[in-house]
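Here is the structure we will look at, set down as structure tokens.
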Amino acid sequence: MVSLTADDRRRLRGAEGPALKLAMDVVCATAEIGGAARLIDIEGAHLSESFYAGQAHQDFVDRMISLGARVVVPTTVNPGSATLRGPQGATADPEAVSAARRLMRSVLRLGCRPSFTCAPYQLPGCVTQGGHVAWSESSAVVYANAVIGARTNLHYDYEDLCAALVGRVGDHGLHRDGERKASLIVDVGAVALEILRHELGCHLLGHLVGSAVGHAIPAIIGLPAETRLDWLRALGAAASSSGALRMFHAVGITPEAPNLNAATESQAGLPRLEVTGSDLRSAVNDLSRPGEGPLQGVYLGTPHFSLVEFDGLLHLLDGRRVRDGIACIVNTSRHNRDVLRARGLLGRLERAGVALMVDACTYYGLPLAGLRGRVMTNSAKWAYYAPRTHDVAIEFGTLQDCVESAVNGEPCRADSVWHDHLWR
């Protein structure tokens with residue numbers, strides 16, 4: 001039985017209105033299912049109801065709006081299944097686009113921030129180390145738990161919105177200290193440092209780890225101390241795509257793993273996964289599905305491209321332009337787009353033939369409906385999901401490979417580390 005405060009019980013009785021009663025019903029039910037003894041306060045939420053997956057999403061949001069519901073904690077939202085402005089894919093159903101846009105606008109009427117991003121941690125003041133939140137985007141959940149040291153389970157549709165309406169969640173799973181310790185050791189010591197210090201090393205490791213560890217929390221030993229935040233983000237995104245990862249520890253890097261004993265709470269006899277360079281080459285083969293014919297496009301930004309990544313993209317473009325007929329699309333947040341505009345960089349990208357997509361997702365949704373043919377990406381998550389939603393052949397490579405391919409109009413392997421150590 002979940003222990004409730006006087007305020008919890010008052011909402012549950014309906015004393016604060018039917019919207020909060022319904023929200024408390026859902027929060028209490030999911031807390032009980034999770035085995036929580038109590039509810040705890042959250043400092044924010046990130047919702048997936050903005051993505052149109054059927055009329056039920058719209059009905060639930062409409063019901064809450066009709067009851068006068070408003071979120072009580074800072075709340076961001078995931079990308080929608082359409083962009084709010086601009087054309088969609090050539091084969092996109094106009095009725096589906098209309099339904100998607102209606103839902104996106106409706107969610108904002110609940111008081112949510114119009115973020116429409118899968119990377120809420122890139123927004124100012126989004127979450128703090130040790131803070132409890134209710135997030136529902138799988139890759140963001142991993143980043144919050146592992147890289148920031150915040151605390152969230154994967155809060156599913158409707159539960160996440162209900163949590164945002166009452167500011168409470170069940171105290172179970174990754175919200176609790178004892179559930180966050182590593183239960184598996186992943187040793188990458190046999191992998192060449194050139195790979196581990198390379199931008200795609202963590203993409204490939206994440207793909208491998210996700211498919212191998214199930215729901216376990218791995219403690220990864222052997223990653224170099226200079227591993228970048230964007231690379232850790234890629235690791236989590238890839239692992240939550242190929243598997244069910246919700247958290248990892250990078251020993252010596254992430255906040256709850258200053259050493260292996262801290263990450264494992266000194267447990268002995270944990271299972272161990274030894275990763276080799278050959279294993280990562282196998283991951284390359286999993287993610288690359290080369291095809292015939294001309295290159296159709298290059299797709300970057302899954303999860304959403306960071307400002308650091310944009311700096312790298314502009315450096316690699318170096319005043320050059322994407323070849324005519326090649327789509328070069330970068331998925332990012334409204335916030336990052338606006339920062340680029342303020343810095344005078346958005347025009348440089350547009351003049352180079354790079355298009356930014358905000359509000360929606362390039363691998364799952366309507367803006368690229370009908371996408372087919374030979375395409376290139378540097379994202380393990382995009383490479384994993386895109387063939388499941390589009391008729392595409394994947395060329396997987398580094399950001400440098402992607403830029404050279406976009407400029408030259410055909411797949412290029414320009415990165416020497418990638419070519420010498422991984423690409424076969």
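Residues in the structure tokens are numbered from 1 in each chain, the chains being A, B, ... in the order shown, and ligands are numbered from 1 in the order shown.
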
Could you pull the residues within 7 Å of stretch 119-129 of chain A, counting only C-alpha atoms, minus those fewer than 4 positions along the same chain, as JSON, numbers by chain? {"A": [76, 140, 148, 149, 150, 303, 304]}

Limited to N, CA and C atoms, could you put the picked residues into a file as a PDB file, in the first residue's frame?
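Output below, filename selection.pdb:
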ATOM      1  N   THR A  76       8.552  19.971 -20.197  1.00  0.00           N
ATOM      2  CA  THR A  76       8.917  20.038 -21.611  1.00  0.00           C
ATOM      3  C   THR A  76       8.251  18.886 -22.356  1.00  0.00           C
ATOM      4  N   ALA A 140      16.649  10.272 -23.313  1.00  0.00           N
ATOM      5  CA  ALA A 140      16.802  11.319 -22.308  1.00  0.00           C
ATOM      6  C   ALA A 140      16.821  10.734 -20.905  1.00  0.00           C
ATOM      7  N   ILE A 148      23.922  13.052 -15.965  1.00  0.00           N
ATOM      8  CA  ILE A 148      23.637  14.153 -15.048  1.00  0.00           C
ATOM      9  C   ILE A 148      23.602  13.674 -13.603  1.00  0.00           C
ATOM     10  N   GLY A 149      23.146  12.438 -13.384  1.00  0.00           N
ATOM     11  CA  GLY A 149      22.958  11.954 -12.027  1.00  0.00           C
ATOM     12  C   GLY A 149      21.626  12.372 -11.445  1.00  0.00           C
ATOM     13  N   ALA A 150      20.676  12.734 -12.312  1.00  0.00           N
ATOM     14  CA  ALA A 150      19.303  12.965 -11.875  1.00  0.00           C
ATOM     15  C   ALA A 150      18.605  11.616 -11.735  1.00  0.00           C
ATOM     16  N   PRO A 303      20.033  11.619 -30.963  1.00  0.00           N
ATOM     17  CA  PRO A 303      19.152  12.684 -30.477  1.00  0.00           C
ATOM     18  C   PRO A 303      19.529  14.046 -31.073  1.00  0.00           C
ATOM     19  N   HIS A 304      18.734  15.046 -30.734  1.00  0.00           N
ATOM     20  CA  HIS A 304      18.881  16.360 -31.344  1.00  0.00           C
ATOM     21  C   HIS A 304      20.306  16.902 -31.252  1.00  0.00           C
TER      22      HIS A 304
END

Where does stretch 66-146 of chain A meet stretch 213-227 of chain A within 12 Å, residue by residue, with the nearest atom pair and distance in Å to one decimal for each, counting only C-alpha atoms, listed by chain and rising number, as a tab-separated table?
residue	atom	partner	partner_atom	distance
A:Val142	CA	A:Ile217	CA	10.4
A:Asn145	CA	A:Ile217	CA	10.8
A:Ala146	CA	A:Ile217	CA	9.8

Convert the current residue selection to file output with all heavy atoms, as a PDB file, in the first residue's frame.
ATOM      1  N   VAL A 142      18.111   7.867 -20.045  1.00  0.00           N
ATOM      2  CA  VAL A 142      19.467   7.363 -19.819  1.00  0.00           C
ATOM      3  C   VAL A 142      20.420   8.515 -19.521  1.00  0.00           C
ATOM      4  O   VAL A 142      21.241   8.434 -18.595  1.00  0.00           O
ATOM      5  CB  VAL A 142      19.963   6.557 -21.032  1.00  0.00           C
ATOM      6  CG1 VAL A 142      21.374   6.010 -20.767  1.00  0.00           C
ATOM      7  CG2 VAL A 142      19.025   5.409 -21.350  1.00  0.00           C
ATOM      8  N   ASN A 145      19.820   9.962 -15.927  1.00  0.00           N
ATOM      9  CA  ASN A 145      20.301   9.086 -14.860  1.00  0.00           C
ATOM     10  C   ASN A 145      21.811   8.939 -14.860  1.00  0.00           C
ATOM     11  O   ASN A 145      22.457   9.067 -13.814  1.00  0.00           O
ATOM     12  CB  ASN A 145      19.660   7.704 -15.000  1.00  0.00           C
ATOM     13  CG  ASN A 145      18.227   7.662 -14.529  1.00  0.00           C
ATOM     14  OD1 ASN A 145      17.898   8.159 -13.461  1.00  0.00           O
ATOM     15  ND2 ASN A 145      17.356   7.069 -15.332  1.00  0.00           N
ATOM     16  N   ALA A 146      22.372   8.673 -16.038  1.00  0.00           N
ATOM     17  CA  ALA A 146      23.784   8.317 -16.114  1.00  0.00           C
ATOM     18  C   ALA A 146      24.703   9.522 -16.108  1.00  0.00           C
ATOM     19  O   ALA A 146      25.665   9.580 -15.334  1.00  0.00           O
ATOM     20  CB  ALA A 146      24.038   7.476 -17.374  1.00  0.00           C
TER      21      ALA A 146
END

Need to verify the contact set: A:Pro114, 9 Å, only C-alpha atoms, exclusion of same-chain residues closer than 5 positions in sequence. Can you return it as a compact mmCIF listing (two decimals) with N, CA, C and O atoms, in the first residue's frame?
# COMPACT_ATOMS: atom_id res chain seq x y z
N THR A 76 8.55 19.97 -20.20
CA THR A 76 8.92 20.04 -21.61
C THR A 76 8.25 18.89 -22.36
O THR A 76 7.72 17.95 -21.74
N VAL A 77 8.28 18.96 -23.69
CA VAL A 77 7.61 17.94 -24.49
C VAL A 77 8.54 17.43 -25.59
O VAL A 77 9.41 18.13 -26.08
N MET A 104 -0.09 18.67 -30.85
CA MET A 104 1.05 19.46 -30.38
C MET A 104 0.58 20.77 -29.75
O MET A 104 1.06 21.19 -28.69
N ARG A 105 -0.38 21.41 -30.40
CA ARG A 105 -0.89 22.68 -29.86
C ARG A 105 -1.70 22.44 -28.59
O ARG A 105 -1.67 23.25 -27.66
N VAL A 107 -1.29 20.10 -26.28
CA VAL A 107 -0.42 19.83 -25.13
C VAL A 107 0.07 21.14 -24.51
O VAL A 107 0.19 21.27 -23.28
N LEU A 108 0.33 22.12 -25.34
CA LEU A 108 0.82 23.40 -24.83
C LEU A 108 -0.24 24.10 -23.99
O LEU A 108 0.09 24.90 -23.10
N ARG A 334 14.16 23.82 -31.06
CA ARG A 334 13.91 25.24 -31.29
C ARG A 334 14.95 26.09 -30.54
O ARG A 334 15.43 27.10 -31.07
N ASP A 359 10.92 20.57 -34.11
CA ASP A 359 9.57 20.15 -33.70
C ASP A 359 9.26 18.68 -33.96
O ASP A 359 8.42 18.10 -33.28

Find the spatial neighbours of stretch 57-71 of chain A, counting only C-alpha atoms, within a cut-off of 7 Å - ignore same-chain residues fewer than 3 positions away - and output them as an MDAnalysis selection string. chainID A and resid 18:19 49 52:54 103 106:107 110:112 164:165

Within 8 Å of stretch 337-353 of chain A, counting only C-alpha atoms, which residues show up once you throw out same-chain ones fewer than 6 positions away? Write them as a PyMOL selection string, please. chain A and resi 307+314+317+319-323+328

Only N, CA, C and O atoms, please: the residues just picked out, written as a short mmCIF file (atom, residue, chain, number, x, y, z; two decimals), in the first residue's frame.
data_model
loop_
_atom_site.label_atom_id
_atom_site.label_comp_id
_atom_site.auth_asym_id
_atom_site.auth_seq_id
_atom_site.Cartn_x
_atom_site.Cartn_y
_atom_site.Cartn_z
N LEU A 307 24.80 22.16 -29.64
CA LEU A 307 25.54 23.33 -30.13
C LEU A 307 27.00 22.97 -30.38
O LEU A 307 27.61 23.49 -31.33
N LEU A 314 30.11 23.06 -38.75
CA LEU A 314 30.55 24.27 -39.45
C LEU A 314 32.04 24.23 -39.75
O LEU A 314 32.48 24.67 -40.82
N LEU A 317 32.49 21.88 -42.74
CA LEU A 317 32.01 22.47 -44.00
C LEU A 317 33.00 23.49 -44.54
O LEU A 317 33.23 23.56 -45.75
N GLY A 319 33.13 26.60 -45.35
CA GLY A 319 32.77 27.44 -46.48
C GLY A 319 32.27 26.71 -47.69
O GLY A 319 31.88 27.34 -48.69
N ARG A 320 32.28 25.38 -47.66
CA ARG A 320 31.80 24.61 -48.82
C ARG A 320 30.28 24.46 -48.78
O ARG A 320 29.63 24.82 -47.81
N ARG A 321 29.73 23.89 -49.84
CA ARG A 321 28.28 23.76 -49.95
C ARG A 321 27.90 22.33 -50.29
O ARG A 321 28.61 21.62 -51.02
N VAL A 322 26.75 21.91 -49.75
CA VAL A 322 26.20 20.59 -50.05
C VAL A 322 25.88 20.51 -51.53
O VAL A 322 25.37 21.47 -52.14
N ARG A 323 26.19 19.39 -52.14
CA ARG A 323 25.94 19.17 -53.57
C ARG A 323 24.44 19.29 -53.87
O ARG A 323 23.61 18.77 -53.13
N CYS A 328 20.58 17.50 -46.91
CA CYS A 328 21.40 17.45 -45.70
C CYS A 328 20.58 18.08 -44.59
O CYS A 328 20.45 19.31 -44.51
#

I'd like to know which of A:Leu295, A:Gly167, A:Thr5, A:Val330 is closest to A:Ala360, using only C-alpha atoms. A:Val330

Distance query A:Gln88 at most 10 Å, only C-alpha atoms, self and fewer than 3 positions along chain excluded, as a VMD selection string: chain A and resid 82 to 85 91 to 94 97 365 to 370

Would you list the contacts of stretch 155-157 of chain A as a count of residues only, taking every protein, DNA or RNA residue within 12 Å and counting only C-alpha atoms, but skipping same-chain residues closer than 3 positions in sequence? 44

Which residues of stretch 259-319 of chain A come within 7 Å of stretch 389-394 of chain A, and for each one, what is the closest pair of atoms and their distance in Å to one decimal, counting only C-alpha atoms, sorted by chain and residue number, as JSON lines?
{"residue": "A:Ser288", "atom": "CA", "partner": "A:Ile394", "partner_atom": "CA", "distance": 5.3}
{"residue": "A:Arg289", "atom": "CA", "partner": "A:Ile394", "partner_atom": "CA", "distance": 4.7}
{"residue": "A:Pro290", "atom": "CA", "partner": "A:Ala393", "partner_atom": "CA", "distance": 5.3}
{"residue": "A:Gly291", "atom": "CA", "partner": "A:Ala393", "partner_atom": "CA", "distance": 5.1}

Between atom CA of A:Ala355 and atom CA of A:Ala327, what is the distance, to one decimal in Å?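 We find that atom CA of A:Ala355 and atom CA of A:Ala327 lie 7.9 Å from each other.
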